[in-house]
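Student: Let me begin by handing over the structure; questions about it come next.
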Amino acid sequence: MIAEEPARLRVHTRRVFGGDGELTSINEVYCHRRRACVTVETCEACPEHAGSVVDLAHERNFVSCRELTTERARSVEPTRRTVLRRRFCASATSGEHTPLSEIMTADVFCVRADLSTAALAQLLVGRQLGGVPVVDEAGRAIGVVSSADLVRLPAAGQVAEIMTRLVFTLPDNASVSQAAALMALEHVHRIPVVADDDRVVGIVSSSDVLAWLARADGYVIGRR
Ligand code: SF4
C-alpha cells in the first residue's frame with residue numbers, strides 16, 4: 001500500500017503596524033484541522049508537521065502536513081485555503097485589470113489612536129463615513145476603526161481602545177478582484193490603500209467594489 005503524500009500548505013505573511021508604527025510580519029499557514037491560521041512556529045512544533053519546503057523558483061514557502069494529505073486536500077472546500085491564490089482562469093474579468101487607484105477614495109480621512117471616541121463619532125456622522133484608517137505620526141496605517149466599533153464599546157474613551165489593530169492593506173495598483181478576494185477571505189469591509197512607504201493614500205470599501213461591479217455591467221450608479 002502506498003503511503004499518502006502529505007499536503008503542502010502555503011505560508012503567507014501578514015504585515016501589521018503596531019501603535020508605535022513598527023511593522024511586524026507574521027508568517028502563518030491555514031490549519032485545516034484547527035480551522036484557523038497558526039504561526040509557522042506553531043505548525044513546526046505540531047506532531048503532524050512533516051517538513052518545510054522552500055520553492056526558490058517561485059519564492060514561496062510551504063509546510064507539509066500529514067493531517068491533510070494531497071488526496072484529501074483536493075476535496076477540501078477552497079474557502080480559507082486560498083490566500084489570494086488564484087486558479088487558472090482563461091477569461092479573467094475586467095476586475096482583474098482594473099487598479100484600485102480607479103475606484104478608491106483618494107481624499108481619505110484618517111484618525112490617530114489618541115483621538116477621543118466623541119470626536120471620532122462626530123467625524124463619522126458628519127462625513128457619513130462607515131470607518132477610517134488609524135495612522136501613526138508618519139501617516140502609516142496602524143488600524144481601522146468603524147462605526148460598529150463605537151456601538152460595540154460605547155464607554156471607550158479613545159480610538160486606541162476600540163480600533164482593529166490587524167490591518168490588511170493593498171497597494172493602489174492591486175486589482176479590484178484582489179480587493180474583493182481579500183474582503184471575502186478576511187471578512188473586512190474596508191481596506192486602506194498604501195504607498196511603498198506604507199503611508200495611507202486612499203481607502204477602498206466593499207461599497208466601492210460593488211458600485212464598480214454594477215457600473216461595469218451597465219448600471220448607472222452615482223459617485224459619492
Ligand atoms: S502540521 Fe499541525 S498545525 Fe500545521 S497545518 Fe498540520 S495539523 Fe495544523
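For the C-alpha cells, the naming scheme is as follows: chains receive sequential letters (A, B, ...) according to their order of presentation, residues are indexed from 1 within each chain, and ligands are indexed from 1 in presentation order.
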Which residues of chain A have any atom within 12 Å of an atom in ligand 1 when counting only C-alpha atoms and all ligand atoms, and what is the closest pair of atoms for each, with the distance in Å to one decimal? Order the rows by chain and rising number and write it as a tab-separated table.
Tutor:
residue	atom	partner	partner_atom_place_in_ligand_line	distance
A:Pro6	CA	ligand 1	6 (Fe)	9.1
A:Ala7	CA	ligand 1	6 (Fe)	8.8
A:Arg8	CA	ligand 1	5 (S)	9.0
A:Leu9	CA	ligand 1	5 (S)	7.2
A:Arg10	CA	ligand 1	5 (S)	9.9
A:Val11	CA	ligand 1	5 (S)	10.2
A:Glu28	CA	ligand 1	4 (Fe)	9.5
A:Val29	CA	ligand 1	5 (S)	6.7
A:Tyr30	CA	ligand 1	5 (S)	6.4
A:Cys31	CA	ligand 1	5 (S)	3.9
A:His32	CA	ligand 1	5 (S)	6.1
A:Arg33	CA	ligand 1	7 (S)	5.4
A:Arg34	CA	ligand 1	8 (Fe)	6.2
A:Arg35	CA	ligand 1	8 (Fe)	8.4
A:Ala36	CA	ligand 1	8 (Fe)	8.6
A:Cys37	CA	ligand 1	5 (S)	8.5
A:Val38	CA	ligand 1	3 (S)	6.6
A:Thr39	CA	ligand 1	3 (S)	8.3
A:Val40	CA	ligand 1	4 (Fe)	7.6
A:Glu41	CA	ligand 1	3 (S)	9.0
A:Thr42	CA	ligand 1	3 (S)	6.2
A:Cys43	CA	ligand 1	4 (Fe)	3.7
A:Glu44	CA	ligand 1	1 (S)	6.4
A:Ala45	CA	ligand 1	3 (S)	7.6
A:Cys46	CA	ligand 1	2 (Fe)	4.5
A:Pro47	CA	ligand 1	2 (Fe)	6.3
A:Glu48	CA	ligand 1	1 (S)	4.3
A:His49	CA	ligand 1	1 (S)	3.7
A:Ala50	CA	ligand 1	1 (S)	6.9
A:Gly51	CA	ligand 1	1 (S)	8.7
A:Ser52	CA	ligand 1	1 (S)	10.0
A:Phe62	CA	ligand 1	5 (S)	10.3
A:Val63	CA	ligand 1	4 (Fe)	7.3
A:Ser64	CA	ligand 1	1 (S)	6.8
A:Cys65	CA	ligand 1	6 (Fe)	4.2
A:Arg66	CA	ligand 1	6 (Fe)	6.3
A:Glu67	CA	ligand 1	7 (S)	5.3
A:Leu68	CA	ligand 1	6 (Fe)	6.6
A:Thr69	CA	ligand 1	6 (Fe)	9.6
A:Ala73	CA	ligand 1	5 (S)	11.6
A:Arg81	CA	ligand 1	5 (S)	10.9
Student: Pull the strand (DSSP E) assignments for region 115-203 of chain A out of DSSP run on the backbone, and list those residues as a ChimeraX atom specification.
Tutor: /A:131-135,141-146,170-171,190-194,200-203
Student: Write out as a PyMOL selection string all residues of region 110-215 of chain A that DSSP puts in alpha helix (DSSP H) for this structure's backbone.
Tutor: chain A and resi 117-127+147-152+176-186+206-215
Student: Restricting the calculation to only C-alpha atoms: of A:Leu100, A:Ala155, A:Leu123, A:Ala180, which residue gets closest to Val194 (chain A)?
Tutor: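 Result for the nearest residue to Val194 (chain A): A:Leu100.
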Student: Report as a VMD selection string all protein, DNA and RNA residues lying within 12 Å of Asp114 (chain A), evaluated on only C-alpha atoms, omitting residues in the same chain fewer than 5 positions from it.
Tutor: chain A and resid 19 to 20 119 to 120 134 to 137 156 to 163
Student: Using N, CA, C and O atoms, can you write the selected residues to a file as a short mmCIF file (atom, residue, chain, number, x, y, z; two decimals), in the first residue's frame?
Tutor:
data_model
loop_
_atom_site.label_atom_id
_atom_site.label_comp_id
_atom_site.auth_asym_id
_atom_site.auth_seq_id
_atom_site.Cartn_x
_atom_site.Cartn_y
_atom_site.Cartn_z
N GLY A 19 0.96 50.14 17.43
CA GLY A 19 0.66 51.51 17.84
C GLY A 19 1.87 52.42 17.78
O GLY A 19 1.74 53.63 17.65
N ASP A 20 3.07 51.83 17.88
CA ASP A 20 4.29 52.64 17.81
C ASP A 20 4.79 52.80 16.38
O ASP A 20 5.86 53.35 16.15
N ALA A 119 -14.98 62.59 19.36
CA ALA A 119 -14.56 63.27 18.13
C ALA A 119 -14.66 62.33 16.93
O ALA A 119 -15.01 62.75 15.83
N LEU A 120 -14.36 61.06 17.17
CA LEU A 120 -14.49 60.08 16.08
C LEU A 120 -15.95 59.98 15.63
O LEU A 120 -16.24 59.98 14.42
N VAL A 134 -6.63 54.18 10.93
CA VAL A 134 -5.91 54.80 12.05
C VAL A 134 -4.44 54.84 11.67
O VAL A 134 -3.89 53.84 11.21
N VAL A 135 -3.81 56.01 11.82
CA VAL A 135 -2.42 56.16 11.36
C VAL A 135 -1.54 56.64 12.50
O VAL A 135 -2.01 57.23 13.47
N ASP A 136 -0.24 56.39 12.34
CA ASP A 136 0.72 56.90 13.30
C ASP A 136 1.15 58.31 12.90
O ASP A 136 0.58 58.89 11.96
N GLU A 137 2.15 58.82 13.57
CA GLU A 137 2.55 60.21 13.31
C GLU A 137 3.09 60.43 11.92
O GLU A 137 3.11 61.55 11.42
N ALA A 156 -15.90 53.43 25.71
CA ALA A 156 -14.47 53.67 25.46
C ALA A 156 -14.19 55.16 25.30
O ALA A 156 -15.03 55.91 24.82
N GLY A 157 -12.97 55.55 25.69
CA GLY A 157 -12.63 56.97 25.64
C GLY A 157 -11.80 57.36 24.44
O GLY A 157 -11.88 58.50 23.97
N GLN A 158 -10.98 56.44 23.96
CA GLN A 158 -10.08 56.76 22.86
C GLN A 158 -10.18 55.72 21.75
O GLN A 158 -10.53 54.56 21.98
N VAL A 159 -9.79 56.16 20.55
CA VAL A 159 -9.80 55.28 19.38
C VAL A 159 -8.97 54.01 19.64
O VAL A 159 -9.35 52.91 19.24
N ALA A 160 -7.85 54.17 20.35
CA ALA A 160 -6.96 53.04 20.60
C ALA A 160 -7.68 51.88 21.29
O ALA A 160 -7.29 50.71 21.13
N GLU A 161 -8.74 52.19 22.04
CA GLU A 161 -9.44 51.16 22.81
C GLU A 161 -10.40 50.35 21.95
O GLU A 161 -10.82 49.26 22.34
N ILE A 162 -10.78 50.86 20.79
CA ILE A 162 -11.81 50.18 20.01
C ILE A 162 -11.37 49.78 18.61
O ILE A 162 -12.03 49.01 17.93
N MET A 163 -10.23 50.30 18.16
CA MET A 163 -9.84 50.05 16.76
C MET A 163 -9.40 48.60 16.56
O MET A 163 -8.99 47.93 17.50
#
Student: Have a look at A:Val151, A:Arg190, A:Asn27, A:Gly95 and name the one nearest to Val132 (chain A); count only C-alpha atoms.
Tutor: A:Arg190
Student: At a cut-off of 9 Å, using only C-alpha atoms, what residues contact Arg199 (chain A)? Leave out same-chain residues fewer than 5 positions from it and give the result as a list in words.
Tutor: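 Close residues of Arg199 (chain A): Val135, Ala138, Gly139, Arg140, Ala141, Val193 and Val194 of chain A.
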Student: Go ahead and save the picked residues with all heavy atoms, as a PDB file, in the first residue's frame.
Tutor:
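Here's the written file part33.pdb:
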ATOM      1  N   VAL A 135      -3.807  56.008  11.819  1.00  0.00           N
ATOM      2  CA  VAL A 135      -2.423  56.156  11.363  1.00  0.00           C
ATOM      3  C   VAL A 135      -1.541  56.642  12.501  1.00  0.00           C
ATOM      4  O   VAL A 135      -2.015  57.230  13.475  1.00  0.00           O
ATOM      5  CB  VAL A 135      -2.325  57.145  10.174  1.00  0.00           C
ATOM      6  CG1 VAL A 135      -3.095  56.628   8.977  1.00  0.00           C
ATOM      7  CG2 VAL A 135      -2.818  58.527  10.576  1.00  0.00           C
ATOM      8  N   ALA A 138       3.518  59.347  11.241  1.00  0.00           N
ATOM      9  CA  ALA A 138       4.041  59.470   9.879  1.00  0.00           C
ATOM     10  C   ALA A 138       2.975  59.230   8.821  1.00  0.00           C
ATOM     11  O   ALA A 138       3.263  59.268   7.629  1.00  0.00           O
ATOM     12  CB  ALA A 138       5.196  58.494   9.677  1.00  0.00           C
ATOM     13  N   GLY A 139       1.755  58.965   9.248  1.00  0.00           N
ATOM     14  CA  GLY A 139       0.684  58.719   8.291  1.00  0.00           C
ATOM     15  C   GLY A 139       0.578  57.285   7.836  1.00  0.00           C
ATOM     16  O   GLY A 139      -0.120  56.970   6.877  1.00  0.00           O
ATOM     17  N   ARG A 140       1.279  56.401   8.553  1.00  0.00           N
ATOM     18  CA  ARG A 140       1.213  54.974   8.202  1.00  0.00           C
ATOM     19  C   ARG A 140       0.024  54.310   8.887  1.00  0.00           C
ATOM     20  O   ARG A 140      -0.297  54.626  10.037  1.00  0.00           O
ATOM     21  CB  ARG A 140       2.509  54.271   8.599  1.00  0.00           C
ATOM     22  CG  ARG A 140       3.693  54.724   7.783  1.00  0.00           C
ATOM     23  CD  ARG A 140       4.966  54.110   8.294  1.00  0.00           C
ATOM     24  NE  ARG A 140       5.269  54.593   9.631  1.00  0.00           N
ATOM     25  CZ  ARG A 140       6.501  54.835  10.080  1.00  0.00           C
ATOM     26  NH1 ARG A 140       7.527  54.630   9.287  1.00  0.00           N
ATOM     27  NH2 ARG A 140       6.696  55.267  11.293  1.00  0.00           N
ATOM     28  N   ALA A 141      -0.596  53.379   8.176  1.00  0.00           N
ATOM     29  CA  ALA A 141      -1.778  52.708   8.711  1.00  0.00           C
ATOM     30  C   ALA A 141      -1.416  51.832   9.895  1.00  0.00           C
ATOM     31  O   ALA A 141      -0.461  51.057   9.837  1.00  0.00           O
ATOM     32  CB  ALA A 141      -2.411  51.859   7.623  1.00  0.00           C
ATOM     33  N   VAL A 193      -5.511  51.776   1.421  1.00  0.00           N
ATOM     34  CA  VAL A 193      -4.605  51.655   0.271  1.00  0.00           C
ATOM     35  C   VAL A 193      -3.347  52.446   0.624  1.00  0.00           C
ATOM     36  O   VAL A 193      -3.444  53.593   1.063  1.00  0.00           O
ATOM     37  CB  VAL A 193      -5.261  52.212  -1.010  1.00  0.00           C
ATOM     38  CG1 VAL A 193      -4.342  52.016  -2.210  1.00  0.00           C
ATOM     39  CG2 VAL A 193      -6.607  51.523  -1.252  1.00  0.00           C
ATOM     40  N   VAL A 194      -2.187  51.812   0.452  1.00  0.00           N
ATOM     41  CA  VAL A 194      -0.944  52.432   0.935  1.00  0.00           C
ATOM     42  C   VAL A 194       0.088  52.533  -0.171  1.00  0.00           C
ATOM     43  O   VAL A 194       0.081  51.775  -1.136  1.00  0.00           O
ATOM     44  CB  VAL A 194      -0.353  51.631   2.123  1.00  0.00           C
ATOM     45  CG1 VAL A 194      -1.307  51.620   3.307  1.00  0.00           C
ATOM     46  CG2 VAL A 194      -0.003  50.211   1.705  1.00  0.00           C
TER      47      VAL A 194
END
